[in-house]
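What follows is model.pdb (PDB, C-alpha atoms and all ligand atoms).
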ATOM      1  CA  MET D   1     -16.303  18.299  14.159  1.00  0.00           C
ATOM      2  CA  ARG D   2     -17.212  20.205  11.020  1.00  0.00           C
ATOM      3  CA  ALA D   3     -14.633  21.051   8.382  1.00  0.00           C
ATOM      4  CA  ARG D   4     -14.915  24.596   7.134  1.00  0.00           C
ATOM      5  CA  ALA D   5     -14.976  24.910   3.374  1.00  0.00           C
ATOM      6  CA  PRO D   6     -12.039  26.913   2.037  1.00  0.00           C
ATOM      7  CA  PRO D   7     -12.927  30.300   0.552  1.00  0.00           C
ATOM      8  CA  GLY D   8     -13.948  30.179  -3.086  1.00  0.00           C
ATOM      9  CA  SER D   9     -14.919  26.533  -3.011  1.00  0.00           C
ATOM     10  CA  PRO D  10     -18.380  25.637  -4.272  1.00  0.00           C
ATOM     11  CA  ALA D  11     -21.083  25.009  -1.730  1.00  0.00           C
ATOM     12  CA  PRO D  12     -21.136  21.382  -0.678  1.00  0.00           C
ATOM     13  CA  MET D  13     -23.751  19.206  -2.294  1.00  0.00           C
ATOM     14  CA  ALA D  14     -26.586  17.831  -0.261  1.00  0.00           C
ATOM     15  CA  ASP D  15     -25.118  14.962   1.669  1.00  0.00           C
ATOM     16  CA  SER D  16     -26.846  11.689   1.957  1.00  0.00           C
ATOM     17  CA  LEU D  17     -26.681   9.737   5.159  1.00  0.00           C
ATOM     18  CA  LEU D  18     -24.528   7.162   3.446  1.00  0.00           C
ATOM     19  CA  GLN D  19     -22.116   9.743   2.095  1.00  0.00           C
ATOM     20  CA  ASN D  20     -21.695  11.105   5.611  1.00  0.00           C
ATOM     21  CA  LEU D  21     -21.024   7.599   6.892  1.00  0.00           C
ATOM     22  CA  VAL D  22     -18.444   6.952   4.182  1.00  0.00           C
ATOM     23  CA  ARG D  23     -16.734  10.294   4.683  1.00  0.00           C
ATOM     24  CA  GLN D  24     -16.591   9.844   8.442  1.00  0.00           C
ATOM     25  CA  TRP D  25     -15.186   6.357   8.087  1.00  0.00           C
ATOM     26  CA  LEU D  26     -12.453   7.560   5.720  1.00  0.00           C
ATOM     27  CA  LEU D  27     -11.610  10.401   8.107  1.00  0.00           C
ATOM     28  CA  ASP D  28     -11.413   7.972  11.015  1.00  0.00           C
ATOM     29  CA  HIS D  29      -9.101   5.748   8.966  1.00  0.00           C
ATOM     30  CA  ALA D  30      -6.985   8.467   7.351  1.00  0.00           C
ATOM     31  CA  GLY D  31      -4.349   7.147   4.991  1.00  0.00           C
ATOM     32  CA  GLN D  32      -6.126   3.850   4.472  1.00  0.00           C
ATOM     33  CA  VAL D  33      -7.447   3.138   0.982  1.00  0.00           C
ATOM     34  CA  ASP D  34     -10.845   1.550   0.714  1.00  0.00           C
ATOM     35  CA  PHE D  35     -12.783   0.009  -2.115  1.00  0.00           C
ATOM     36  CA  ALA D  36     -16.574   0.133  -2.147  1.00  0.00           C
ATOM     37  CA  GLU D  37     -17.095  -3.538  -1.313  1.00  0.00           C
ATOM     38  CA  CYS D  38     -14.532  -3.478   1.490  1.00  0.00           C
ATOM     39  CA  LEU D  39     -16.155  -0.338   2.877  1.00  0.00           C
ATOM     40  CA  ALA D  40     -19.529  -2.041   2.684  1.00  0.00           C
ATOM     41  CA  SER D  41     -18.176  -4.811   4.917  1.00  0.00           C
ATOM     42  CA  ALA D  42     -16.628  -2.326   7.304  1.00  0.00           C
ATOM     43  CA  LEU D  43     -19.722  -0.122   7.424  1.00  0.00           C
ATOM     44  CA  GLY D  44     -22.200  -2.960   7.411  1.00  0.00           C
ATOM     45  CA  GLN D  45     -22.546  -2.873  11.181  1.00  0.00           C
ATOM     46  CA  ALA D  46     -22.584   0.929  11.371  1.00  0.00           C
ATOM     47  CA  GLY D  47     -25.427   1.964   9.104  1.00  0.00           C
ATOM     48  CA  PRO D  48     -29.134   1.250   9.102  1.00  0.00           C
ATOM     49  CA  PRO D  49     -30.081  -1.964   7.281  1.00  0.00           C
ATOM     50  CA  GLY D  50     -30.667  -1.530   3.575  1.00  0.00           C
ATOM     51  CA  VAL D  51     -28.662   1.684   3.341  1.00  0.00           C
ATOM     52  CA  VAL D  52     -25.144   0.314   3.356  1.00  0.00           C
ATOM     53  CA  ASN D  53     -24.419  -1.608   0.176  1.00  0.00           C
ATOM     54  CA  ALA D  54     -21.491  -1.662  -2.239  1.00  0.00           C
ATOM     55  CA  PRO D  55     -23.176   0.083  -5.214  1.00  0.00           C
ATOM     56  CA  SER D  56     -24.401   2.968  -3.040  1.00  0.00           C
ATOM     57  CA  ILE D  57     -21.005   3.253  -1.402  1.00  0.00           C
ATOM     58  CA  GLY D  58     -19.393   3.284  -4.844  1.00  0.00           C
ATOM     59  CA  LEU D  59     -21.539   6.300  -5.742  1.00  0.00           C
ATOM     60  CA  ALA D  60     -20.663   8.008  -2.451  1.00  0.00           C
ATOM     61  CA  LEU D  61     -16.968   7.400  -3.142  1.00  0.00           C
ATOM     62  CA  GLU D  62     -17.353   8.926  -6.602  1.00  0.00           C
ATOM     63  CA  GLU D  63     -18.876  12.028  -5.070  1.00  0.00           C
ATOM     64  CA  LEU D  64     -16.090  12.290  -2.501  1.00  0.00           C
ATOM     65  CA  ALA D  65     -13.469  11.814  -5.223  1.00  0.00           C
ATOM     66  CA  HIS D  66     -14.603  15.183  -6.585  1.00  0.00           C
ATOM     67  CA  GLN D  67     -12.874  16.778  -3.592  1.00  0.00           C
ATOM     68  CA  PRO D  68      -9.329  16.227  -4.897  1.00  0.00           C
ATOM     69  CA  GLN D  69      -7.553  18.161  -2.153  1.00  0.00           C
ATOM     70  CA  THR D  70      -9.200  16.050   0.511  1.00  0.00           C
ATOM     71  CA  PHE D  71      -9.685  12.569  -0.896  1.00  0.00           C
ATOM     72  CA  TRP D  72      -7.160  10.706  -3.003  1.00  0.00           C
ATOM     73  CA  ALA D  73      -7.372   7.708  -5.244  1.00  0.00           C
ATOM     74  CA  GLY D  74      -5.308   4.661  -4.396  1.00  0.00           C
ATOM     75  CA  ALA D  75      -5.261   0.898  -4.427  1.00  0.00           C
ATOM     76  CA  CYS D  76      -7.180  -0.900  -1.719  1.00  0.00           C
ATOM     77  CA  LEU D  77      -5.604  -3.827   0.114  1.00  0.00           C
ATOM     78  CA  CYS D  78      -7.616  -6.072  -2.193  1.00  0.00           C
ATOM     79  CA  GLY D  79      -5.951  -4.410  -5.194  1.00  0.00           C
ATOM     80  CA  ARG D  80      -8.972  -2.591  -6.535  1.00  0.00           C
ATOM     81  CA  PRO D  81      -9.098   1.199  -6.966  1.00  0.00           C
ATOM     82  CA  GLY D  82     -10.380   2.919  -3.855  1.00  0.00           C
ATOM     83  CA  LEU D  83     -10.303   6.211  -2.035  1.00  0.00           C
ATOM     84  CA  ARG D  84      -8.455   7.493   0.983  1.00  0.00           C
ATOM     85  CA  TYR D  85      -8.435  10.606   3.090  1.00  0.00           C
ATOM     86  CA  GLY D  86      -5.275  12.552   3.834  1.00  0.00           C
ATOM     87  CA  TRP D  87      -1.733  11.772   2.902  1.00  0.00           C
TER      88      TRP D  87
HETATM   89 ZN    ZN D 101     -10.513  -3.735  -0.786  1.00  0.00          ZN
END
For the structure just supplied, provide its representation as structure tokens.
Amino acid sequence: MRARAPPGSPAPMADSLLQNLVRQWLLDHAGQVDFAECLASALGQAGPPGVVNAPSIGLALEELAHQPQTFWAGACLCGRPGLRYGW
């Protein structure tokens, strides 16, 4: 499933594999807030070894946070600031 960019929005940046993984995970868990380290644990089994780590996921989350109508800041279950998709 590919989301169509709304008219007038800038062209999407080149996506890294990790960013795609993070985005897909957030979409699959809409409404759930996730912090980089918690996402790293959740995604640890999903991604290729060496790709999924908390600092890289933190960067991917920062990129996704630049899509304010799609991704929203919130507090993760662990209390740290994270990102969620949807409501
Ligand atoms: Zn957390």
For this session: Name all residues at most 8 Å from range 68-85 of chain D (count all atoms listed in the file; drop same-chain ones fewer than 5 positions away) and give them as a PyMOL selection string.
Result: chain D and resi 26-27+29-36+61
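For the atom pair formed by CA of Ala40 in chain D and CA of Val52 in chain D, the distance is 6.1 Å, given to one decimal.
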Exercise. Which is closer to Glu37 in chain D than all the others in D:Gln19, D:Leu64, D:Leu59, D:Ala54, using all atoms listed in the file?
Worked result: D:Ala54
Exercise. What does the distance between CA of Asn20 in chain D and CA of Glu63 in chain D come to in Å, to one decimal place?
Worked result: 11.1 Å
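If you measure from each of D:Gln67, D:Gly50, D:Leu39, D:Ala60 to Leu18 in chain D using only C-alpha atoms, the closest one turns out to be D:Ala60.
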Centre, x/y/z edge lengths, axis-aligned box for range 27-41 of chain D with 3 Å per side, as AutoDock Vina command-line options:
--center_x -11.9 --center_y 2.8 --center_z 4.4 --size_x 21.2 --size_y 21.2 --size_z 19.2
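From CA of Asp28 in chain D back to CA of His66 in chain D, the distance works out to 19.3 Å.
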Exercise. Nearest to ligand ZN 101 (chain D): which of D:Ile57, D:Leu21, D:Leu43, D:Cys38 is it, counting only C-alpha atoms and all ligand atoms?
Worked result: D:Cys38
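Distance check against ligand ZN 101 (chain D) using all atoms listed in the file: of D:Val22, D:Ser41, D:Pro55, D:Leu17, the minimum falls on D:Ser41.
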Exercise. D:Ser16, D:Ala42, D:Asn53, D:Arg23: which is nearest ligand ZN 101 (chain D), counting all atoms listed in the file?
Worked result: D:Ala42
Reconstructed N, CA and C atoms for range 13-48 of chain D, given as a CSV table (one decimal), keeping the file's coordinate frame:
chain,number,residue,atom,x,y,z
D,13,MET,N,-22.5,19.8,-1.8
D,13,MET,CA,-23.8,19.2,-2.3
D,13,MET,C,-24.5,18.6,-1.1
D,14,ALA,N,-25.8,18.5,-1.3
D,14,ALA,CA,-26.6,17.8,-0.3
D,14,ALA,C,-26.0,16.4,0.0
D,15,ASP,N,-25.7,16.2,1.3
D,15,ASP,CA,-25.1,15.0,1.7
D,15,ASP,C,-26.2,13.9,2.0
D,16,SER,N,-26.0,12.8,1.5
D,16,SER,CA,-26.8,11.7,2.0
D,16,SER,C,-26.3,11.1,3.2
D,17,LEU,N,-27.1,10.4,3.9
D,17,LEU,CA,-26.7,9.7,5.2
D,17,LEU,C,-25.5,8.8,4.9
D,18,LEU,N,-25.6,8.1,3.8
D,18,LEU,CA,-24.5,7.2,3.4
D,18,LEU,C,-23.2,7.9,3.2
D,19,GLN,N,-23.3,9.0,2.4
D,19,GLN,CA,-22.1,9.7,2.1
D,19,GLN,C,-21.4,10.2,3.4
D,20,ASN,N,-22.3,10.7,4.3
D,20,ASN,CA,-21.7,11.1,5.6
D,20,ASN,C,-21.0,9.9,6.3
D,21,LEU,N,-21.6,8.8,6.3
D,21,LEU,CA,-21.0,7.6,6.9
D,21,LEU,C,-19.7,7.3,6.3
D,22,VAL,N,-19.7,7.3,4.9
D,22,VAL,CA,-18.4,7.0,4.2
D,22,VAL,C,-17.4,8.0,4.5
D,23,ARG,N,-17.7,9.3,4.4
D,23,ARG,CA,-16.7,10.3,4.7
D,23,ARG,C,-16.1,10.2,6.1
D,24,GLN,N,-17.1,10.0,7.1
D,24,GLN,CA,-16.6,9.8,8.4
D,24,GLN,C,-15.7,8.6,8.6
D,25,TRP,N,-16.0,7.6,8.0
D,25,TRP,CA,-15.2,6.4,8.1
D,25,TRP,C,-13.8,6.6,7.5
D,26,LEU,N,-13.8,7.3,6.3
D,26,LEU,CA,-12.5,7.6,5.7
D,26,LEU,C,-11.6,8.5,6.6
D,27,LEU,N,-12.3,9.5,7.2
D,27,LEU,CA,-11.6,10.4,8.1
D,27,LEU,C,-11.1,9.7,9.3
D,28,ASP,N,-11.8,8.7,9.8
D,28,ASP,CA,-11.4,8.0,11.0
D,28,ASP,C,-10.3,7.0,10.7
D,29,HIS,N,-10.1,6.7,9.4
D,29,HIS,CA,-9.1,5.7,9.0
D,29,HIS,C,-8.2,6.4,7.9
D,30,ALA,N,-7.8,7.6,8.3
D,30,ALA,CA,-7.0,8.5,7.4
D,30,ALA,C,-5.8,7.7,6.9
D,31,GLY,N,-5.5,7.8,5.6
D,31,GLY,CA,-4.3,7.1,5.0
D,31,GLY,C,-4.6,5.7,4.5
D,32,GLN,N,-5.8,5.2,4.9
D,32,GLN,CA,-6.1,3.8,4.5
D,32,GLN,C,-7.0,3.9,3.2
D,33,VAL,N,-6.7,3.1,2.2
D,33,VAL,CA,-7.4,3.1,1.0
D,33,VAL,C,-8.6,2.1,1.1
D,34,ASP,N,-9.7,2.5,0.6
D,34,ASP,CA,-10.8,1.6,0.7
D,34,ASP,C,-11.7,1.5,-0.6
D,35,PHE,N,-12.0,0.3,-0.9
D,35,PHE,CA,-12.8,0.0,-2.1
D,35,PHE,C,-14.2,-0.2,-1.6
D,36,ALA,N,-15.2,0.1,-2.5
D,36,ALA,CA,-16.6,0.1,-2.1
D,36,ALA,C,-17.0,-1.1,-1.4
D,37,GLU,N,-16.6,-2.3,-1.9
D,37,GLU,CA,-17.1,-3.5,-1.3
D,37,GLU,C,-16.5,-3.8,0.1
D,38,CYS,N,-15.2,-3.3,0.2
D,38,CYS,CA,-14.5,-3.5,1.5
D,38,CYS,C,-15.1,-2.5,2.5
D,39,LEU,N,-15.5,-1.3,2.0
D,39,LEU,CA,-16.2,-0.3,2.9
D,39,LEU,C,-17.5,-0.8,3.3
D,40,ALA,N,-18.2,-1.5,2.4
D,40,ALA,CA,-19.5,-2.0,2.7
D,40,ALA,C,-19.4,-3.0,3.8
D,41,SER,N,-18.4,-3.9,3.8
D,41,SER,CA,-18.2,-4.8,4.9
D,41,SER,C,-17.9,-4.1,6.2
D,42,ALA,N,-17.0,-3.1,6.1
D,42,ALA,CA,-16.6,-2.3,7.3
D,42,ALA,C,-17.8,-1.5,7.9
D,43,LEU,N,-18.6,-1.0,7.0
D,43,LEU,CA,-19.7,-0.1,7.4
D,43,LEU,C,-21.0,-0.9,7.7
D,44,GLY,N,-21.0,-2.2,7.3
D,44,GLY,CA,-22.2,-3.0,7.4
D,44,GLY,C,-22.8,-2.9,8.8
D,45,GLN,N,-22.0,-2.9,9.8
D,45,GLN,CA,-22.5,-2.9,11.2
D,45,GLN,C,-22.9,-1.5,11.6
D,46,ALA,N,-22.4,-0.4,10.9
D,46,ALA,CA,-22.6,0.9,11.4
D,46,ALA,C,-23.9,1.5,10.9
D,47,GLY,N,-24.3,1.3,9.7
D,47,GLY,CA,-25.4,2.0,9.1
D,47,GLY,C,-26.7,1.2,9.3
D,48,PRO,N,-27.8,1.9,9.0
D,48,PRO,CA,-29.1,1.2,9.1
D,48,PRO,C,-29.2,0.2,8.0
